[in-house]
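Visitor: This one is final07.tsv, TSV, C-alpha atoms and all ligand atoms.
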```tsv
chain	number	residue	atom	x	y	z
A	18	MET	CA	81.63	80.41	-8.06
A	19	ILE	CA	78.12	80.81	-6.71
A	20	SER	CA	74.67	80.40	-8.23
A	21	LEU	CA	72.47	83.46	-7.97
A	22	THR	CA	68.76	84.11	-8.16
A	23	HIS	CA	67.43	86.81	-10.45
A	24	LEU	CA	66.39	90.14	-9.01
A	25	PRO	CA	63.07	91.62	-10.19
A	26	SER	CA	63.73	93.89	-13.15
A	27	ALA	CA	61.78	96.83	-11.75
A	28	GLY	CA	63.85	99.71	-10.50
A	29	CYS	CA	65.51	102.88	-11.65
A	30	LEU	CA	67.38	101.05	-14.43
A	31	ALA	CA	64.10	100.70	-16.31
A	32	ASP	CA	64.02	104.47	-16.86
A	33	PHE	CA	67.34	104.31	-18.70
A	34	SER	CA	66.26	101.37	-20.84
A	35	THR	CA	63.36	103.36	-22.33
A	36	LEU	CA	65.42	106.37	-23.46
A	37	ASP	CA	65.65	106.89	-27.21
A	38	PRO	CA	68.30	106.62	-28.43
A	39	PRO	CA	69.50	104.21	-25.77
A	40	PRO	CA	72.45	105.71	-23.90
A	41	ALA	CA	75.73	103.99	-23.20
A	42	PHE	CA	75.94	102.24	-19.85
A	43	ASP	CA	78.36	104.93	-18.78
A	44	ALA	CA	75.35	107.26	-18.56
A	45	LEU	CA	74.86	105.72	-15.13
A	46	ALA	CA	78.17	107.08	-13.86
A	47	PHE	CA	77.76	109.23	-10.75
A	48	GLN	CA	74.00	108.62	-10.77
A	49	SER	CA	72.21	107.47	-7.65
A	50	CYS	CA	70.72	104.69	-9.77
A	51	LYS	CA	74.14	103.13	-10.11
A	52	GLU	CA	74.55	103.05	-6.33
A	53	GLN	CA	71.06	101.63	-5.86
A	54	THR	CA	71.72	98.92	-8.43
A	55	ARG	CA	75.06	98.01	-6.90
A	56	THR	CA	73.48	97.75	-3.45
A	57	ARG	CA	70.66	95.52	-4.76
A	58	LEU	CA	73.12	93.23	-6.51
A	59	LEU	CA	75.40	93.00	-3.50
A	60	GLN	CA	72.52	92.09	-1.22
A	61	ASN	CA	71.46	89.39	-3.69
A	62	GLN	CA	75.02	88.04	-3.78
A	63	SER	CA	75.70	88.11	-0.02
A	64	ARG	CA	78.29	90.82	-0.78
A	65	GLN	CA	80.49	88.42	-2.76
A	66	CYS	CA	81.98	88.66	-6.23
A	67	ALA	CA	79.77	86.60	-8.55
A	68	PHE	CA	82.81	84.79	-9.91
A	69	CYS	CA	85.61	84.46	-7.36
A	70	GLU	CA	83.49	85.02	-4.19
A	71	THR	CA	85.81	87.69	-2.81
A	72	PRO	CA	83.95	89.90	-0.30
A	73	LEU	CA	82.93	93.19	-1.91
A	74	GLU	CA	82.41	96.67	-0.54
A	75	ASP	CA	79.46	98.78	-1.58
A	76	HIS	CA	81.33	101.52	-3.41
A	77	GLY	CA	82.49	101.97	-6.95
A	78	ASP	CA	86.21	101.68	-6.27
A	79	ALA	CA	85.73	98.14	-4.96
A	80	THR	CA	82.91	96.73	-7.04
A	81	GLN	CA	82.28	96.53	-10.75
A	82	LEU	CA	78.86	96.14	-12.35
A	83	ASP	CA	79.49	93.48	-14.98
A	84	HIS	CA	77.25	92.61	-17.93
A	85	LEU	CA	76.84	88.89	-18.36
A	86	GLU	CA	75.96	89.40	-22.02
A	87	PRO	CA	78.85	91.63	-23.05
A	88	GLN	CA	77.74	95.18	-23.80
A	89	GLY	CA	80.90	97.23	-24.08
A	90	ASN	CA	80.10	100.90	-23.63
A	91	ASN	CA	77.79	101.22	-26.59
A	92	GLY	CA	77.52	97.74	-28.07
A	93	GLY	CA	75.31	94.81	-27.25
A	94	ASN	CA	71.56	94.65	-27.08
A	95	PRO	CA	70.25	97.99	-25.73
A	96	ALA	CA	67.32	96.18	-24.13
A	97	ARG	CA	69.79	94.20	-22.02
A	98	ARG	CA	72.14	97.10	-21.28
A	99	PHE	CA	70.08	98.37	-18.35
A	100	ASP	CA	68.49	95.06	-17.39
A	101	VAL	CA	69.38	94.03	-13.85
A	102	THR	CA	69.00	90.38	-14.83
A	103	ASN	CA	71.99	90.89	-17.11
A	104	LEU	CA	74.18	92.34	-14.34
A	105	VAL	CA	76.27	91.01	-11.51
A	106	ALA	CA	78.56	92.68	-9.01
A	107	CYS	CA	82.14	91.54	-9.28
A	108	CYS	CA	85.56	92.54	-8.05
A	109	GLN	CA	87.59	95.31	-9.64
A	110	THR	CA	90.87	93.48	-10.06
A	111	THR	CA	92.35	93.75	-13.53
A	112	ASP	CA	93.49	90.12	-13.83
A	113	THR	CA	90.43	88.19	-12.67
A	114	CYS	CA	86.68	87.97	-13.12
A	115	GLY	CA	84.85	90.65	-15.11
A	116	HIS	CA	87.83	92.65	-16.28
A	117	ALA	CA	89.73	89.52	-17.29
A	118	ARG	CA	86.72	88.19	-19.19
A	119	GLY	CA	86.27	91.34	-21.23
A	120	GLN	CA	83.74	90.76	-24.01
A	121	LYS	CA	83.86	86.95	-23.90
A	122	GLU	CA	80.57	85.21	-23.24
A	123	ILE	CA	80.19	82.97	-20.21
A	124	PRO	CA	79.48	79.28	-20.94
A	125	PRO	CA	75.91	78.42	-19.80
A	126	GLU	CA	77.29	75.73	-17.52
A	127	ILE	CA	78.89	78.35	-15.26
A	128	HIS	CA	76.46	81.21	-15.81
A	129	PRO	CA	75.73	82.65	-12.33
A	130	TYR	CA	71.98	82.98	-12.97
A	131	ASP	CA	71.42	79.89	-15.11
A	132	ALA	CA	73.58	77.19	-13.55
A	133	ILE	CA	72.45	75.57	-10.31
A	134	ASN	CA	74.72	74.46	-7.47
A	135	LEU	CA	77.75	76.18	-8.94
A	136	HIS	CA	79.44	75.98	-5.56
A	137	ARG	CA	79.46	72.20	-5.96
A	138	ALA	CA	81.04	72.34	-9.40
A	139	PHE	CA	84.48	73.00	-7.94
A	140	HIS	CA	86.63	71.36	-5.34
A	141	CYS	CA	88.96	73.54	-3.31
A	142	SER	CA	92.11	71.94	-1.94
A	143	SER	CA	93.87	73.17	1.17
A	144	ASP	CA	96.34	75.22	-0.87
A	145	GLY	CA	93.42	77.17	-2.34
A	146	MET	CA	93.52	75.57	-5.78
A	147	LEU	CA	90.17	74.99	-7.45
A	148	SER	CA	89.78	71.78	-9.41
A	149	ASN	CA	86.98	70.48	-11.57
A	150	GLU	CA	84.22	68.48	-9.87
A	151	SER	CA	81.47	68.27	-12.44
A	152	LEU	CA	82.04	70.68	-15.33
A	153	SER	CA	82.91	70.17	-18.96
A	154	GLN	CA	86.51	70.91	-19.84
A	155	GLU	CA	85.30	73.97	-21.75
A	156	ALA	CA	83.49	75.43	-18.77
A	157	PHE	CA	86.26	74.68	-16.30
A	158	GLY	CA	88.81	76.01	-18.79
A	159	PHE	CA	86.86	79.27	-18.96
A	160	ALA	CA	86.78	79.56	-15.17
A	161	GLU	CA	90.46	78.87	-14.83
A	162	GLY	CA	91.86	80.38	-18.00
A	163	THR	CA	89.60	83.38	-18.61
A	164	LEU	CA	88.19	84.33	-15.22
A	165	ASN	CA	91.56	83.38	-13.67
A	166	LEU	CA	89.97	81.80	-10.62
A	167	ASN	CA	93.23	80.04	-9.80
A	168	SER	CA	95.32	83.21	-9.73
A	169	ALA	CA	98.06	83.23	-7.12
A	170	GLY	CA	96.31	85.92	-5.10
A	171	LEU	CA	93.00	84.08	-4.95
A	172	LYS	CA	94.69	80.80	-4.03
A	173	THR	CA	96.49	82.50	-1.14
A	174	GLN	CA	93.27	84.05	0.11
A	175	ARG	CA	91.40	80.74	-0.06
A	176	SER	CA	94.21	78.87	1.62
A	177	THR	CA	94.24	81.37	4.49
A	178	ILE	CA	90.48	80.99	4.99
A	179	ILE	CA	90.66	77.18	4.83
A	180	THR	CA	93.46	77.12	7.42
A	181	LYS	CA	91.32	79.23	9.74
A	182	LEU	CA	88.36	76.94	9.18
A	183	GLN	CA	90.44	73.85	9.91
A	184	GLN	CA	91.71	75.42	13.13
A	185	TYR	CA	88.18	76.36	14.03
A	186	THR	CA	86.95	72.85	13.28
A	187	VAL	CA	89.48	71.34	15.66
A	188	ALA	CA	88.69	73.89	18.35
A	189	ALA	CA	84.94	73.48	17.98
A	190	GLY	CA	84.96	69.68	18.24
A	191	THR	CA	81.61	67.96	17.89
A	192	ASN	CA	79.78	71.24	17.45
A	193	ALA	CA	81.93	72.13	14.48
A	194	ARG	CA	79.21	72.08	11.87
A	195	ARG	CA	76.86	74.36	13.78
A	196	ARG	CA	79.57	76.75	14.84
A	197	ILE	CA	81.12	76.99	11.42
A	198	THR	CA	77.71	77.66	9.95
A	199	GLN	CA	77.47	80.58	12.38
A	200	LEU	CA	80.95	81.66	11.42
A	201	SER	CA	80.08	81.51	7.75
A	202	THR	CA	77.21	83.94	8.15
A	203	GLU	CA	79.54	86.59	9.48
A	204	LYS	CA	81.88	88.51	7.27
A	205	THR	CA	84.78	86.18	7.62
A	206	GLY	CA	85.97	86.05	4.08
A	207	PHE	CA	85.09	84.52	0.78
A	208	ILE	CA	84.10	80.91	0.14
A	209	SER	CA	83.36	80.46	3.84
A	210	LEU	CA	80.20	82.49	3.34
A	211	HIS	CA	78.47	79.97	1.17
A	212	PHE	CA	79.66	76.53	2.02
A	213	GLN	CA	76.94	74.15	3.08
A	214	THR	CA	78.94	71.18	4.22
A	215	LEU	CA	82.44	70.78	5.55
A	216	GLY	CA	82.90	68.04	3.00
A	217	ARG	CA	83.13	70.64	0.29
A	218	PHE	CA	86.55	71.51	1.66
A	219	GLY	CA	87.58	67.94	2.31
A	220	PHE	CA	86.92	68.08	6.04
A	221	PRO	CA	85.68	64.91	7.72
A	222	GLU	CA	82.19	65.09	9.16
A	223	PRO	CA	82.39	66.27	12.77
B	1	ZN	ZN	86.09	88.27	-8.42
```
Turn the structure described in the file into structure tokens.

Guide:
Amino acid sequence: MISLTHLPSAGCLADFSTLDPPPAFDALAFQSCKEQTRTRLLQNQSRQCAFCETPLEDHGDATQLDHLEPQGNNGGNPARRFDVTNLVACCQTTDTCGHARGQKEIPPEIHPYDAINLHRAFHCSSDGMLSNESLSQEAFGFAEGTLNLNSAGLKTQRSTIITKLQQYTVAAGTNARRRITQLSTEKTGFISLHFQTLGRFGFPEP
């Protein structure tokens, strides 16, 4: 998981939030405002899912706009329904992340906008399994049991990326850190985009 900074609230969403009665969030469907919001969120998130860090595409089939405070279609606080600070972009899979969470609230400890250094809260082993570095059992249990961040598919994807990084580390030799930092800024796949030190993945310092 990654920690995110808030976007300014201003934008086309504000027009929807002032309508009386407040419309369902589905009122955004097929509106340019939905595309603009998705693009803003993706830029803020380095085009990664806010929960599992899978790379996301900027179109509706690939990316879900997820309310951090659950809103359903008509429920929740109308003032937060069209508030960009209550939204993240996440992947569209049915068994992980936003869809898997449904209407369950996210523990503050792993809230993408409230928690700091979320990427340090987990350790990722070479087989792609996330384990708990610094979270309460409740928060880690939510990540693993509700967001399904250790699903078989995600573990395979992480393991593939880590194998590539290890190969790259060996090939790059003493310049590994600099070169992998360059690599991580390209679209090479999730988790590699945001790591700050090789130690996060158990690599020795180059
Ligand atoms: Zn995801």

Visitor: Env of stretch 133-144 of chain A: 6 Å cut, atoms = only C-alpha atoms, seq-sep filter 6 positions within chain, self excluded. Answer as a PyMOL selection string.

Guide: chain A and resi 18-20+150-151+176+218

Visitor: Could you check the closest approach to A:Asn167 for each of A:Ser153, A:Ser148, A:Thr180, A:Ser49 and tell me which residue wins, using all atoms listed in the file?

Guide: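 Result for the nearest residue to A:Asn167: A:Ser148.
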
Visitor: How many Å lie between atom CA of A:Lys51 and atom CA of A:Glu126, rounded to one decimal?

Guide: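 Pair atom CA of A:Lys51 / atom CA of A:Glu126 returns 28.6 Å.
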
Visitor: Expressed in Å to a single decimal, how great is the separation between atom CA of A:Gln88 and atom CA of A:Asp100?

Guide: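 Computing it gives 11.3 Å between the two atoms.
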
Visitor: Could you produce a table of the residues of chain A lying within 7 Å of ligand ZN 1 (chain B), with the nearest pair of atoms per residue and their separation in Å rounded to one decimal, using all atoms listed in the file, ordered by chain and increasing residue number, as a tab-separated table?

Guide:
```
residue	atom	partner	partner_atom	distance
A:Cys66	CA	B:ZN1	ZN	4.7
A:Ala67	CA	B:ZN1	ZN	6.5
A:Phe68	CA	B:ZN1	ZN	5.0
A:Cys69	CA	B:ZN1	ZN	4.0
A:Glu70	CA	B:ZN1	ZN	5.9
A:Thr71	CA	B:ZN1	ZN	5.6
A:Cys107	CA	B:ZN1	ZN	5.2
A:Cys108	CA	B:ZN1	ZN	4.3
A:Thr113	CA	B:ZN1	ZN	6.1
A:Cys114	CA	B:ZN1	ZN	4.7
```

Visitor: Store the residues picked out above, limited to C-alpha atoms, as a compact mmCIF listing (two decimals), keeping the file's coordinate frame.

Guide:
```
# COMPACT_ATOMS: atom_id res chain seq x y z
CA CYS A 66 81.98 88.66 -6.23
CA ALA A 67 79.77 86.60 -8.55
CA PHE A 68 82.81 84.79 -9.91
CA CYS A 69 85.61 84.46 -7.36
CA GLU A 70 83.49 85.02 -4.19
CA THR A 71 85.81 87.69 -2.81
CA CYS A 107 82.14 91.54 -9.28
CA CYS A 108 85.56 92.54 -8.05
CA THR A 113 90.43 88.19 -12.67
CA CYS A 114 86.68 87.97 -13.12
```

Visitor: Would you pick out the contacts of A:Cys50 at 12 Å or less, using all atoms listed in the file, so that residues sharing its chain but fewer than 6 positions from it are not included, and give the list as a PDB file with C-alpha atoms, in the coordinates of the input?

Guide:
```pdb
ATOM      1  CA  GLY A  28      63.850  99.710 -10.500  1.00  0.00           C
ATOM      2  CA  CYS A  29      65.510 102.880 -11.650  1.00  0.00           C
ATOM      3  CA  LEU A  30      67.380 101.050 -14.430  1.00  0.00           C
ATOM      4  CA  ALA A  31      64.100 100.700 -16.310  1.00  0.00           C
ATOM      5  CA  ASP A  32      64.020 104.470 -16.860  1.00  0.00           C
ATOM      6  CA  PHE A  33      67.340 104.310 -18.700  1.00  0.00           C
ATOM      7  CA  PHE A  42      75.940 102.240 -19.850  1.00  0.00           C
ATOM      8  CA  ASP A  43      78.360 104.930 -18.780  1.00  0.00           C
ATOM      9  CA  ALA A  44      75.350 107.260 -18.560  1.00  0.00           C
ATOM     10  CA  THR A  56      73.480  97.750  -3.450  1.00  0.00           C
ATOM     11  CA  ARG A  57      70.660  95.520  -4.760  1.00  0.00           C
ATOM     12  CA  PHE A  99      70.080  98.370 -18.350  1.00  0.00           C
ATOM     13  CA  VAL A 101      69.380  94.030 -13.850  1.00  0.00           C
TER      14      VAL A 101
END
```

Visitor: Between A:Gln48, A:Thr35, A:Thr80, A:Asn61, which residue has the minimum interatomic distance to A:Gly115, considering only C-alpha atoms?

Guide: A:Thr80

Visitor: Atom CA of A:Val105 and atom CA of A:Leu59 are how many Å apart?

Guide: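 Straight-line distance from atom CA of A:Val105 to atom CA of A:Leu59 works out to 8.3 Å.
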
Visitor: Between A:Pro129, A:Gly145, A:Gly119, A:Pro87, which is the closest to A:Gln174 once you count all atoms listed in the file?

Guide: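 For A:Gln174, the nearest of the given residues is A:Gly145.
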
Visitor: Between A:Gly162, A:Leu21, A:Gln154, A:Leu82, which has the minimum distance to A:Leu45 (counting all atoms listed in the file)?

Guide: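 Closest candidate: A:Leu82.
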
Visitor: Using all atoms listed in the file, find the one residue out of A:Leu85, A:Ala106, A:Ile178, A:Leu166 that sits nearest to A:Leu147.

Guide: A:Leu166

Visitor: Between A:Glu155, A:Glu52, A:Asp78, A:Glu86, which residue has the minimum interatomic distance to A:Ile127, considering all atoms listed in the file?

Guide: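 Using all atoms listed in the file, the shortest distance to A:Ile127 belongs to A:Glu155.
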
Visitor: Give me the residues within 8 Å of A:Phe159 as a PyMOL selection string, counting only C-alpha atoms and dropping any in the same chain fewer than 4 places off.

Guide: chain A and resi 123-124+155+163-164

Visitor: Skip A:Gly92 itself and residues of its chain fewer than 2 positions away, then list as a list in words all residues within 12 Å of it, counting only C-alpha atoms.

Guide: Pro39, Pro40, Ala41, Phe42, Asp43, His84, Glu86, Pro87, Gln88, Gly89, Asn90, Asn94, Pro95, Ala96, Arg97, Arg98 and Gln120 of chain A
